$ cat start.txt   # compact mmCIF, C-alpha atoms (C1' of nucleotides) and all ligand atoms
# COMPACT_ATOMS: atom_id res chain seq x y z
CA MET Z 236 9.07 -2.98 -20.57
CA ASN Z 237 10.96 -0.19 -22.31
CA ASP Z 238 14.70 -0.39 -22.39
CA THR Z 239 16.62 1.98 -20.14
CA GLN Z 240 17.83 4.21 -22.98
CA GLN Z 241 14.30 4.91 -24.12
CA VAL Z 242 13.03 5.53 -20.60
CA MET Z 243 15.87 7.94 -19.91
CA ALA Z 244 15.11 9.72 -23.17
CA HIS Z 245 11.49 10.09 -22.11
CA PHE Z 246 12.66 11.34 -18.73
CA GLU Z 247 14.85 14.00 -20.33
CA ALA Z 248 12.08 15.01 -22.71
CA THR Z 249 9.64 15.39 -19.83
CA CYS Z 250 12.06 17.55 -17.87
CA ARG Z 251 12.71 19.77 -20.89
CA ALA Z 252 9.00 20.00 -21.63
CA HIS Z 253 8.52 21.43 -18.16
CA GLY Z 254 11.50 23.74 -18.32
CA LEU Z 255 13.47 21.77 -15.76
CA LYS Z 256 17.23 21.73 -15.94
CA LEU Z 257 18.86 18.37 -16.46
CA THR Z 258 21.13 18.44 -13.46
CA HIS Z 259 23.49 15.67 -12.54
CA GLN Z 260 21.50 15.12 -9.35
CA ARG Z 261 18.16 14.71 -11.15
CA MET Z 262 19.63 12.28 -13.65
CA GLU Z 263 21.26 10.12 -11.02
CA ILE Z 264 18.26 10.07 -8.70
CA TYR Z 265 15.96 9.03 -11.52
CA ARG Z 266 18.39 6.46 -12.86
CA MET Z 267 18.82 4.92 -9.41
CA LEU Z 268 15.08 4.69 -8.90
CA LEU Z 269 14.65 3.07 -12.31
CA GLN Z 270 17.23 0.41 -11.52
CA SER Z 271 15.87 -0.23 -8.08
CA THR Z 272 13.23 -2.83 -7.43
CA GLU Z 273 12.93 -2.25 -3.70
CA HIS Z 274 10.78 0.90 -3.60
CA PRO Z 275 13.40 2.84 -1.66
CA SER Z 276 12.82 5.66 0.80
CA ALA Z 277 14.46 9.04 0.23
CA GLU Z 278 17.02 8.12 2.84
CA THR Z 279 17.82 4.78 1.23
CA LEU Z 280 18.22 6.44 -2.15
CA HIS Z 281 20.46 9.06 -0.60
CA LYS Z 282 22.72 6.39 0.86
CA GLN Z 283 22.80 4.44 -2.38
CA LEU Z 284 23.82 7.56 -4.29
CA ALA Z 285 26.55 8.52 -1.83
CA THR Z 286 29.31 6.94 -3.92
CA ARG Z 287 28.33 8.60 -7.16
CA LEU Z 288 27.33 11.96 -5.65
CA PRO Z 289 29.22 12.35 -2.37
CA THR Z 290 27.92 15.85 -1.69
CA LEU Z 291 24.27 15.14 -2.54
CA SER Z 292 22.01 16.44 0.22
CA LEU Z 293 19.07 14.49 1.57
CA ASP Z 294 16.94 17.55 1.00
CA THR Z 295 17.70 17.42 -2.71
CA VAL Z 296 16.52 13.83 -2.82
CA TYR Z 297 13.23 14.78 -1.17
CA ARG Z 298 12.81 17.88 -3.33
CA THR Z 299 13.65 16.04 -6.52
CA LEU Z 300 11.31 13.15 -5.78
CA ALA Z 301 8.49 15.64 -5.13
CA THR Z 302 9.25 17.34 -8.44
CA PHE Z 303 9.26 14.02 -10.30
CA GLU Z 304 6.00 13.09 -8.62
CA GLU Z 305 4.38 16.24 -9.99
CA LEU Z 306 5.62 15.38 -13.49
CA GLY Z 307 4.20 11.89 -13.14
CA LEU Z 308 7.65 10.31 -13.39
CA VAL Z 309 7.63 8.95 -9.88
CA LYS Z 310 5.01 7.53 -7.54
CA ARG Z 311 4.81 7.49 -3.79
CA VAL Z 312 3.80 3.98 -2.78
CA GLU Z 313 0.73 3.44 -0.62
CA THR Z 314 2.19 2.21 2.63
CA MET Z 315 1.90 2.94 6.31
CA SER Z 316 5.62 2.84 7.02
CA SER Z 317 6.98 5.97 8.66
CA GLN Z 318 9.22 6.84 5.73
CA ALA Z 319 7.66 7.41 2.32
CA ARG Z 320 8.62 4.87 -0.34
CA PHE Z 321 9.04 5.65 -4.02
CA GLU Z 322 9.15 3.99 -7.42
CA ALA Z 323 9.62 5.08 -11.00
CA VAL Z 324 6.26 5.06 -12.73
CA ILE Z 325 6.09 2.05 -14.98
CA ASP Z 326 3.09 -0.11 -15.81
CA GLN Z 327 -0.05 -0.46 -13.69
CA HIS Z 328 0.56 -2.83 -10.81
CA HIS Z 329 -0.22 -3.41 -7.16
CA HIS Z 330 1.73 -4.10 -3.99
CA PHE Z 331 2.21 -6.73 -1.36
CA PHE Z 332 3.59 -5.18 1.84
CA CYS Z 333 5.35 -7.27 4.47
CA ASP Z 334 4.16 -5.93 7.80
CA GLN Z 335 7.23 -7.36 9.48
CA CYS Z 336 10.19 -6.17 7.41
CA GLY Z 337 8.54 -3.53 5.22
CA LYS Z 338 9.42 -5.25 1.96
CA LEU Z 339 7.26 -4.28 -1.01
CA ILE Z 340 6.58 -6.76 -3.79
CA ASP Z 341 4.96 -5.79 -7.10
CA PHE Z 342 2.23 -7.88 -8.64
CA HIS Z 343 -0.06 -7.58 -11.62
CA TRP Z 344 -3.79 -8.19 -11.60
CA HIS Z 345 -5.39 -7.55 -14.96
CA LEU Z 346 -8.72 -8.99 -13.90
CA PHE Z 347 -8.92 -6.36 -11.16
CA ASP Z 348 -7.67 -3.56 -13.40
CA SER Z 349 -10.44 -4.23 -15.88
CA MET Z 350 -13.18 -4.31 -13.25
CA GLY Z 351 -15.52 -1.36 -12.86
CA LEU Z 352 -15.85 0.20 -9.44
CA PRO Z 353 -18.97 -0.44 -7.35
CA GLU Z 354 -21.99 1.80 -7.88
CA SER Z 355 -21.65 3.52 -4.54
CA LEU Z 356 -18.50 5.18 -5.81
CA GLN Z 357 -20.16 6.76 -8.82
CA THR Z 358 -21.21 9.73 -6.74
CA VAL Z 359 -18.18 10.49 -4.57
CA GLY Z 360 -16.38 12.68 -7.09
CA ARG Z 361 -13.71 12.27 -9.75
CA ILE Z 362 -11.78 9.05 -9.57
CA ARG Z 363 -8.11 9.08 -10.47
CA ASN Z 364 -7.03 5.50 -9.87
CA LYS Z 365 -7.67 2.36 -7.90
CA ASN Z 366 -5.08 0.20 -6.23
CA VAL Z 367 -4.89 -2.98 -4.25
CA VAL Z 368 -2.69 -3.23 -1.19
CA VAL Z 369 -2.13 -6.69 0.21
CA HIS Z 370 -0.71 -7.00 3.69
CA GLY Z 371 0.98 -10.01 5.17
CA VAL Z 372 4.32 -11.50 6.11
CA CYS Z 373 6.84 -12.29 3.40
CA ASP Z 374 8.47 -15.67 2.87
CA GLN Z 375 11.82 -14.58 4.23
CA CYS Z 376 10.26 -13.28 7.43
CA LEU Z 377 8.23 -16.46 7.80
CA SER Z 378 11.38 -18.56 7.67
CA GLY Z 379 13.06 -16.18 10.09
CA GLU Z 380 16.01 -15.68 7.79
CA LYS Z 381 15.94 -11.94 7.62
CA SER Z 382 15.53 -9.35 10.32
CA ARG Z 383 14.06 -5.89 9.99
CA SER Z 384 16.18 -3.98 7.43
CA MET D 871 -24.16 -3.25 12.38
CA ASN D 872 -24.05 -3.88 16.12
CA ASP D 873 -25.66 -1.32 18.35
CA THR D 874 -23.36 0.88 20.41
CA GLN D 875 -24.14 -0.84 23.73
CA GLN D 876 -23.08 -4.20 22.38
CA VAL D 877 -19.94 -2.82 20.75
CA MET D 878 -18.94 -1.09 23.98
CA ALA D 879 -19.56 -4.33 25.87
CA HIS D 880 -17.28 -6.16 23.44
CA PHE D 881 -14.72 -3.41 23.86
CA GLU D 882 -14.77 -3.76 27.63
CA ALA D 883 -14.59 -7.52 27.41
CA THR D 884 -11.58 -7.30 25.10
CA CYS D 885 -9.77 -4.94 27.44
CA ARG D 886 -10.46 -7.17 30.44
CA ALA D 887 -9.39 -10.25 28.52
CA HIS D 888 -6.04 -8.61 27.96
CA GLY D 889 -5.71 -7.33 31.52
CA LEU D 890 -6.10 -3.70 30.50
CA LYS D 891 -7.63 -1.24 32.92
CA LEU D 892 -10.83 0.41 31.82
CA THR D 893 -9.70 3.99 32.24
CA HIS D 894 -11.86 6.98 31.53
CA GLN D 895 -9.42 7.95 28.76
CA ARG D 896 -9.62 4.57 27.00
CA MET D 897 -13.39 4.53 27.14
CA GLU D 898 -13.77 8.01 25.77
CA ILE D 899 -11.20 7.58 23.02
CA TYR D 900 -12.85 4.40 21.83
CA ARG D 901 -16.36 5.84 22.09
CA MET D 902 -15.33 8.90 20.09
CA LEU D 903 -13.77 6.77 17.38
CA LEU D 904 -16.90 4.61 17.21
CA GLN D 905 -19.13 7.63 16.74
CA SER D 906 -16.85 9.23 14.21
CA THR D 907 -17.19 8.61 10.51
CA GLU D 908 -14.31 10.80 9.42
CA HIS D 909 -11.34 8.53 10.19
CA PRO D 910 -9.75 11.09 12.49
CA SER D 911 -6.07 11.58 13.19
CA ALA D 912 -4.77 11.36 16.75
CA GLU D 913 -4.65 15.13 16.85
CA THR D 914 -8.23 15.52 15.63
CA LEU D 915 -9.43 13.02 18.21
CA HIS D 916 -7.48 14.85 20.89
CA LYS D 917 -9.18 18.13 19.98
CA GLN D 918 -12.61 16.52 19.85
CA LEU D 919 -12.11 15.04 23.30
CA ALA D 920 -10.89 18.30 24.84
CA THR D 921 -14.31 19.18 26.25
CA ARG D 922 -14.92 15.85 27.90
CA LEU D 923 -11.32 15.28 29.02
CA PRO D 924 -9.64 18.66 29.35
CA THR D 925 -6.35 17.27 30.65
CA LEU D 926 -6.05 14.41 28.14
CA SER D 927 -2.58 14.42 26.63
CA LEU D 928 -1.93 13.88 22.95
CA ASP D 929 0.55 11.19 23.90
CA THR D 930 -2.20 9.21 25.59
CA VAL D 931 -4.24 9.35 22.41
CA TYR D 932 -1.33 7.98 20.40
CA ARG D 933 -0.50 5.36 23.01
CA THR D 934 -4.09 4.26 23.40
CA LEU D 935 -4.69 3.99 19.67
CA ALA D 936 -1.57 1.84 19.37
CA THR D 937 -2.82 -0.39 22.17
CA PHE D 938 -6.25 -0.72 20.55
CA GLU D 939 -4.61 -1.52 17.26
CA GLU D 940 -2.76 -4.43 18.86
CA LEU D 941 -6.02 -5.73 20.30
CA GLY D 942 -7.64 -5.48 16.88
CA LEU D 943 -10.13 -2.88 18.07
CA VAL D 944 -8.79 -0.12 15.88
CA LYS D 945 -7.28 0.09 12.43
CA ARG D 946 -4.83 2.51 10.93
CA VAL D 947 -6.17 3.51 7.54
CA GLU D 948 -4.03 3.07 4.46
CA THR D 949 -3.31 6.61 3.37
CA MET D 950 -0.38 8.73 2.41
CA SER D 951 -1.33 11.77 4.46
CA SER D 952 1.32 12.92 6.91
CA GLN D 953 -0.78 12.18 9.96
CA ALA D 954 -2.01 8.63 10.55
CA ARG D 955 -5.78 8.19 10.38
CA PHE D 956 -7.77 5.75 12.47
CA GLU D 957 -11.10 3.95 12.60
CA ALA D 958 -12.83 1.53 14.91
CA VAL D 959 -12.73 -1.91 13.34
CA ILE D 960 -16.13 -2.73 11.95
CA ASP D 961 -17.00 -4.70 8.84
CA GLN D 962 -14.73 -5.28 5.84
CA HIS D 963 -14.70 -2.23 3.60
CA HIS D 964 -12.48 -0.08 1.42
CA HIS D 965 -11.61 3.59 1.09
CA PHE D 966 -11.90 6.47 -1.31
CA PHE D 967 -9.31 9.12 -0.49
CA CYS D 968 -9.67 12.70 -1.70
CA ASP D 969 -6.19 13.80 -2.73
CA GLN D 970 -7.21 17.41 -2.29
CA CYS D 971 -8.81 17.65 1.16
CA GLY D 972 -7.84 14.29 2.65
CA LYS D 973 -11.42 13.15 3.19
CA LEU D 974 -11.88 9.39 3.49
CA ILE D 975 -15.07 7.74 2.34
CA ASP D 976 -15.96 4.12 3.10
CA PHE D 977 -17.34 1.82 0.47
CA HIS D 978 -18.20 -1.84 0.23
CA TRP D 979 -17.23 -4.16 -2.59
CA HIS D 980 -18.37 -7.71 -2.02
CA LEU D 981 -17.42 -8.82 -5.50
CA PHE D 982 -13.84 -7.84 -4.79
CA ASP D 983 -13.85 -9.32 -1.30
CA SER D 984 -14.88 -12.69 -2.66
CA MET D 985 -12.23 -12.74 -5.39
CA GLY D 986 -9.13 -14.85 -5.00
CA LEU D 987 -5.78 -13.18 -5.34
CA PRO D 988 -3.71 -13.67 -8.51
CA GLU D 989 -1.43 -16.69 -8.73
CA SER D 990 1.74 -14.68 -8.50
CA LEU D 991 0.86 -13.89 -4.89
CA GLN D 992 0.60 -17.52 -3.84
CA THR D 993 4.32 -17.65 -3.21
CA VAL D 994 5.14 -14.35 -1.50
CA GLY D 995 4.31 -15.47 2.03
CA ARG D 996 1.35 -15.39 4.38
CA ILE D 997 -1.40 -13.04 3.37
CA ARG D 998 -3.30 -11.19 6.06
CA ASN D 999 -5.72 -9.03 4.10
CA LYS D 1000 -6.35 -7.25 0.83
CA ASN D 1001 -7.71 -3.75 0.45
CA VAL D 1002 -8.62 -1.36 -2.29
CA VAL D 1003 -7.63 2.28 -2.11
CA VAL D 1004 -9.28 4.59 -4.61
CA HIS D 1005 -7.76 8.01 -5.13
CA GLY D 1006 -9.47 11.02 -6.61
CA VAL D 1007 -11.10 14.33 -5.81
CA CYS D 1008 -14.29 14.40 -3.79
CA ASP D 1009 -17.50 16.10 -4.85
CA GLN D 1010 -17.11 18.98 -2.43
CA CYS D 1011 -13.62 19.74 -3.67
CA LEU D 1012 -14.79 19.54 -7.27
CA SER D 1013 -17.42 22.17 -6.62
CA GLY D 1014 -14.88 24.26 -4.76
CA GLU D 1015 -17.07 24.47 -1.70
CA LYS D 1016 -14.63 23.26 0.86
CA SER D 1017 -11.00 24.12 1.40
CA ARG D 1018 -8.35 21.94 2.94
CA SER D 1019 -9.43 21.09 6.49
C1' DT H 37 32.05 32.54 -22.22
C1' DA H 38 29.03 35.74 -19.67
C1' DG H 39 24.69 36.40 -17.51
C1' DG H 40 20.95 34.97 -14.97
C1' DA H 41 17.16 32.05 -13.64
C1' DG H 42 16.82 27.90 -11.58
C1' DT H 43 19.02 24.53 -8.55
C1' DT H 44 21.69 22.92 -4.90
C1' DA H 45 24.10 22.12 -0.11
C1' DA H 46 23.98 22.99 4.50
C1' DG H 47 21.94 23.51 8.34
C1' DA H 48 17.88 25.47 10.76
C1' DA H 49 13.08 24.75 11.43
C1' DT H 50 8.78 22.24 11.67
C1' DA H 51 5.62 18.45 12.42
C1' DA H 52 4.42 13.84 13.82
C1' DA H 53 5.18 10.42 16.90
C1' DT H 54 7.58 8.37 20.80
C1' DC H 55 10.06 8.29 25.19
C1' DT H 56 11.03 9.57 30.22
C1' DT H 57 9.58 10.28 34.65
C1' DA H 58 6.92 11.72 38.48
C1' DT H 59 2.15 11.45 39.71
C1' DT H 60 -2.31 9.43 39.63
C1' DT H 61 -5.73 5.84 39.21
C1' DG H 62 -8.41 1.41 38.59
C1' DA H 63 -8.66 -3.08 40.35
C1' DT H 64 -8.22 -6.25 44.01
C1' DG H 65 -8.64 -7.92 48.56
C1' DT H 66 -9.95 -6.47 53.24
C1' DA O 195 -15.42 2.25 52.36
C1' DC O 196 -10.07 1.75 52.62
C1' DA O 197 -5.29 0.40 51.61
C1' DT O 198 -2.31 -1.33 48.30
C1' DC O 199 0.24 -1.25 44.07
C1' DA O 200 0.91 -2.42 39.25
C1' DA O 201 -0.55 -0.12 35.42
C1' DA O 202 -1.68 4.13 33.19
C1' DT O 203 -1.42 9.03 32.59
C1' DA O 204 0.22 14.11 31.98
C1' DA O 205 3.75 16.97 30.86
C1' DG O 206 7.34 17.96 28.55
C1' DA O 207 11.70 16.42 26.39
C1' DT O 208 13.30 13.78 22.53
C1' DT O 209 13.53 11.54 18.17
C1' DT O 210 12.56 11.07 13.38
C1' DA O 211 10.89 12.43 8.87
C1' DT O 212 10.33 16.13 6.06
C1' DT O 213 10.42 20.99 4.69
C1' DC O 214 12.25 25.68 4.74
C1' DT O 215 15.87 29.41 4.32
C1' DT O 216 19.66 31.31 2.26
C1' DA O 217 23.94 31.89 0.05
C1' DA O 218 26.64 29.64 -3.43
C1' DC O 219 26.68 27.22 -7.65
C1' DT O 220 25.50 25.46 -12.36
C1' DC O 221 22.97 24.54 -16.40
C1' DC O 222 21.19 26.89 -20.35
C1' DT O 223 20.94 30.40 -23.77
C1' DA O 224 22.67 34.16 -26.42
MN MN S 1101 5.82 -1.11 -7.34
MN MN S 1102 -13.27 3.21 6.94
ZN ZN S 1103 9.25 -9.59 5.45
ZN ZN S 1104 -12.05 16.67 -1.10

$ encode --input "start.txt" --output "C-alpha cells"
Amino acid sequence: MNDTQQVMAHFEATCRAHGLKLTHQRMEIYRMLLQSTEHPSAETLHKQLATRLPTLSLDTVYRTLATFEELGLVKRVETMSSQARFEAVIDQHHHFFCDQCGKLIDFHWHLFDSMGLPESLQTVGRIRNKNVVVHGVCDQCLSGEKSRS
Amino acid sequence: MNDTQQVMAHFEATCRAHGLKLTHQRMEIYRMLLQSTEHPSAETLHKQLATRLPTLSLDTVYRTLATFEELGLVKRVETMSSQARFEAVIDQHHHFFCDQCGKLIDFHWHLFDSMGLPESLQTVGRIRNKNVVVHGVCDQCLSGEKSRS
DNA sequence: TAGGAGTTAAGAATAAATCTTATTTGATGT
DNA sequence: ACATCAAATAAGATTTATTCTTAACTCCTA
C-alpha cells in the first residue's frame, strides 16, 4: 500500500530506466489507472481521460497500456469479456468476475498464494504465475439494482 | 471418463430435451470438440471440419458453440488470447497457458477444488465456480522446437 | 533553443464475432 | 415414403475491438 507519490516516482523511474519519454499522455493514463478500482477497459479509460486530455486518441491508450504491460507496470486481467480490462500492478491478488454485469472485484488469498502447484505441473515448462478466477453474479445484480454497464 | 458412445448419447438427449434439432453440423462440431485435446478456437474447429463438412460456415461454428455453451455442453476457456478457445465440458480441471505459443494444458488439483473460498468472498454475491489459471512457457517453447501456431 | 529520436493523433486497416436474409433441412404426422 | 414448416444453415454484410500507417508534434539533450 504505497502512497501515490511513491508509486508515481517508481513509475517515472521505470520509464526513464527503459528510455521512455515521460509524456503527458503516459502520466495521465497511468495515474488514472492507479486511482481506478474498476479494472477499466481501454475505451473506459479513454472516456474518463477525455476531460483532462481532450485530444487523446484511443489508439494511444491501447499503445500505452501495451507498453506499460511490457514494463510490468500494468496487467491485463484474466477475463472473457470482449474488451480487455486493465489494472495497475499492485500486490498479488485474485478476481471475482460478475458474469452478468462484468464487474471485477479484487480479493486476497494468502493460503492459496503459499500453496505449491500439483505435481503434474512440474513438467509442463516454466511457470510464471498462478491465479484464481471466481465466476458468479455480484450482489448488485442479484438484487436487480444495476443493469449491464 | 465416459466412453464416447455414452457422451454422444448424453449430447443427443440434451439437445432433444431443449428442442434442438440434431443436425449434421451440430453432431460433427460436438464430436470434433470431444476428440480434441487442444482447446481449439472456432476457426481451428472450422478448418478441422472442412473435410467432413466442406460447406460448413464459420458462423455456424460460432453459433453452435454458443448454443452448446448455454446448454452446458461446452465451455469457453479462460484465456487472454484474441480468439476464444473452447472445450467439451468434462470433469473439473484447471489450465496451464503457454504465453508464448498459446497452448493450453489441462491439470487436476483436488486439494484446491476441495478448499473453501476466503471469507472476503462470502459477501460479493452468488459464486458459480472457481478456477486456477497458470501462466508460463511450455516445454516445447523453452526448447525452441515449436514456433507460434 | 535547436535538433532529432521517439511519440502522438487521425483515420485506415485488420481480425474476431455477430447479424441479415434467402435457402435448406430435420422432425412430425400422414 | 411424402408433405409440411419451424428451426437451422450458408453466404456475405456488418459490427466491434484492436492494430497499423503516416505526417505532425514534443520531450529530451546538448
Ligand atoms: Mn485487480
Ligand atoms: Mn481443459
Ligand atoms: Zn454484477
Ligand atoms: Zn508454448

$ closest_atom_pairs --input "start.txt" --of "chain Z" --to "ligand ZN 1104 (chain S)" --cutoff "12 Å" --atoms "all atoms listed in the file" --output "CSV"
residue,atom,partner,partner_atom,distance
Z:Val359,CA,S:ZN1104,ZN,9.4
Z:Gly360,CA,S:ZN1104,ZN,8.4
Z:Arg361,CA,S:ZN1104,ZN,9.8
Z:Ile362,CA,S:ZN1104,ZN,11.4

$ residues_near_ligand --input "start.txt" --ligand "ligand MN 1101 (chain S)" --cutoff "9 Å" --atoms "all atoms listed in the file" --output "ChimeraX atom specification"
/Z:272-274,310,312,321-331,339-342

$ atom_distance --input "start.txt" --atom1 "CA of Gly889 (chain D)" --atom2 "C1' of DC196 (chain O)"
23.4 Å

$ interface_residues --input "start.txt" --of "chain H" --to "chain Z" --cutoff "9 Å" --atoms "all atoms listed in the file" --output "number ranges by chain"
H: 42-46

$ residues_near_ligand --input "start.txt" --ligand "ligand ZN 1103 (chain S)" --cutoff "12 Å" --atoms "all atoms listed in the file" --output "count of residues only"
29

$ residues_around --input "start.txt" --residues "DA53 (chain H)" --least-positions-apart "3" --cutoff "12 Å" --atoms "all atoms listed in the file" --output "ChimeraX atom specification"
/Z:317 /D:911-913,928-933,936,952-954 /O:208-211

$ axis_aligned_box --input "start.txt" --around "region 978-996 of chain D" --padding-each-side "6 Å" --output "JSON"
{"center_x": -6.6, "center_y": -9.7, "center_z": -2.2, "size_x": 35.5, "size_y": 27.8, "size_z": 25.1}

$ atom_distance --input "start.txt" --atom1 "C1' of DA197 (chain O)" --atom2 "CA of Glu882 (chain D)"
26.1 Å

$ atom_distance --input "start.txt" --atom1 "C1' of DT216 (chain O)" --atom2 "C1' of DA41 (chain H)"
16.1 Å

$ closest_atom_pairs --input "start.txt" --of "chain O" --to "chain D" --cutoff "10 Å" --atoms "only C-alpha atoms (C1' of nucleotides)" --output "JSON lines"
{"residue": "O:DA201", "atom": "C1'", "partner": "D:Lys891", "partner_atom": "CA", "distance": 7.6}
{"residue": "O:DA202", "atom": "C1'", "partner": "D:Lys891", "partner_atom": "CA", "distance": 8.0}
{"residue": "O:DT203", "atom": "C1'", "partner": "D:Thr930", "partner_atom": "CA", "distance": 7.0}
{"residue": "O:DA204", "atom": "C1'", "partner": "D:Ser927", "partner_atom": "CA", "distance": 6.0}
{"residue": "O:DA205", "atom": "C1'", "partner": "D:Ser927", "partner_atom": "CA", "distance": 8.0}
{"residue": "O:DA211", "atom": "C1'", "partner": "D:Ser952", "partner_atom": "CA", "distance": 9.8}
{"residue": "O:DT212", "atom": "C1'", "partner": "D:Ser952", "partner_atom": "CA", "distance": 9.6}

$ write_last_selection --input "start.txt" --atoms "C-alpha atoms (C1' of nucleotides)" --output "compact mmCIF listing (two decimals), in the coordinates of the input"
# COMPACT_ATOMS: atom_id res chain seq x y z
C1' DA O 201 -0.55 -0.12 35.42
C1' DA O 202 -1.68 4.13 33.19
C1' DT O 203 -1.42 9.03 32.59
C1' DA O 204 0.22 14.11 31.98
C1' DA O 205 3.75 16.97 30.86
C1' DA O 211 10.89 12.43 8.87
C1' DT O 212 10.33 16.13 6.06

$ residues_around --input "start.txt" --residues "DT215 (chain O)" --least-positions-apart "5" --cutoff "10 Å" --atoms "only C-alpha atoms (C1' of nucleotides)" --output "JSON, numbers by chain"
{"H": [47, 48, 49]}

$ closest_residue --input "start.txt" --among "Z:Lys365, Z:His259, Z:Ser349, Z:Glu313" --to "DC221 (chain O)" --atoms "all atoms listed in the file"
Z:His259

$ decode --input "start.txt" --residues "region 339-352 of chain Z" --atoms "N, CA and C atoms" --output "PDB file, in the first residue's frame"
ATOM      1  N   LEU Z 339     -15.532  -6.520 -11.798  1.00  0.00           N
ATOM      2  CA  LEU Z 339     -14.397  -7.277 -11.270  1.00  0.00           C
ATOM      3  C   LEU Z 339     -14.131  -6.832  -9.839  1.00  0.00           C
ATOM      4  N   ILE Z 340     -14.021  -7.799  -8.950  1.00  0.00           N
ATOM      5  CA  ILE Z 340     -13.743  -7.477  -7.549  1.00  0.00           C
ATOM      6  C   ILE Z 340     -12.462  -8.186  -7.116  1.00  0.00           C
ATOM      7  N   ASP Z 341     -11.535  -7.421  -6.568  1.00  0.00           N
ATOM      8  CA  ASP Z 341     -10.276  -7.985  -6.068  1.00  0.00           C
ATOM      9  C   ASP Z 341     -10.512  -8.772  -4.785  1.00  0.00           C
ATOM     10  N   PHE Z 342      -9.723  -9.821  -4.598  1.00  0.00           N
ATOM     11  CA  PHE Z 342      -9.664 -10.433  -3.268  1.00  0.00           C
ATOM     12  C   PHE Z 342      -8.291 -11.060  -3.053  1.00  0.00           C
ATOM     13  N   HIS Z 343      -7.957 -11.192  -1.790  1.00  0.00           N
ATOM     14  CA  HIS Z 343      -6.654 -11.758  -1.428  1.00  0.00           C
ATOM     15  C   HIS Z 343      -6.849 -13.171  -0.920  1.00  0.00           C
ATOM     16  N   TRP Z 344      -5.843 -13.998  -1.103  1.00  0.00           N
ATOM     17  CA  TRP Z 344      -5.958 -15.397  -0.677  1.00  0.00           C
ATOM     18  C   TRP Z 344      -4.549 -15.931  -0.400  1.00  0.00           C
ATOM     19  N   HIS Z 345      -4.040 -15.557   0.745  1.00  0.00           N
ATOM     20  CA  HIS Z 345      -2.658 -15.906   1.086  1.00  0.00           C
ATOM     21  C   HIS Z 345      -2.447 -17.416   1.151  1.00  0.00           C
ATOM     22  N   LEU Z 346      -3.449 -18.107   1.687  1.00  0.00           N
ATOM     23  CA  LEU Z 346      -3.340 -19.564   1.781  1.00  0.00           C
ATOM     24  C   LEU Z 346      -3.075 -20.164   0.397  1.00  0.00           C
ATOM     25  N   PHE Z 347      -3.830 -19.685  -0.592  1.00  0.00           N
ATOM     26  CA  PHE Z 347      -3.616 -20.166  -1.959  1.00  0.00           C
ATOM     27  C   PHE Z 347      -2.240 -19.766  -2.480  1.00  0.00           C
ATOM     28  N   ASP Z 348      -1.885 -18.503  -2.255  1.00  0.00           N
ATOM     29  CA  ASP Z 348      -0.614 -17.996  -2.785  1.00  0.00           C
ATOM     30  C   ASP Z 348       0.576 -18.823  -2.279  1.00  0.00           C
ATOM     31  N   SER Z 349       0.446 -19.317  -1.062  1.00  0.00           N
ATOM     32  CA  SER Z 349       1.576 -20.035  -0.479  1.00  0.00           C
ATOM     33  C   SER Z 349       1.563 -21.521  -0.810  1.00  0.00           C
ATOM     34  N   MET Z 350       0.514 -21.957  -1.500  1.00  0.00           N
ATOM     35  CA  MET Z 350       0.437 -23.381  -1.875  1.00  0.00           C
ATOM     36  C   MET Z 350       1.352 -23.697  -3.051  1.00  0.00           C
ATOM     37  N   GLY Z 351       1.927 -24.873  -3.045  1.00  0.00           N
ATOM     38  CA  GLY Z 351       2.683 -25.327  -4.204  1.00  0.00           C
ATOM     39  C   GLY Z 351       1.724 -25.872  -5.243  1.00  0.00           C
ATOM     40  N   LEU Z 352       2.142 -25.850  -6.489  1.00  0.00           N
ATOM     41  CA  LEU Z 352       1.290 -26.379  -7.548  1.00  0.00           C
ATOM     42  C   LEU Z 352       1.331 -27.901  -7.550  1.00  0.00           C
TER      43      LEU Z 352
END
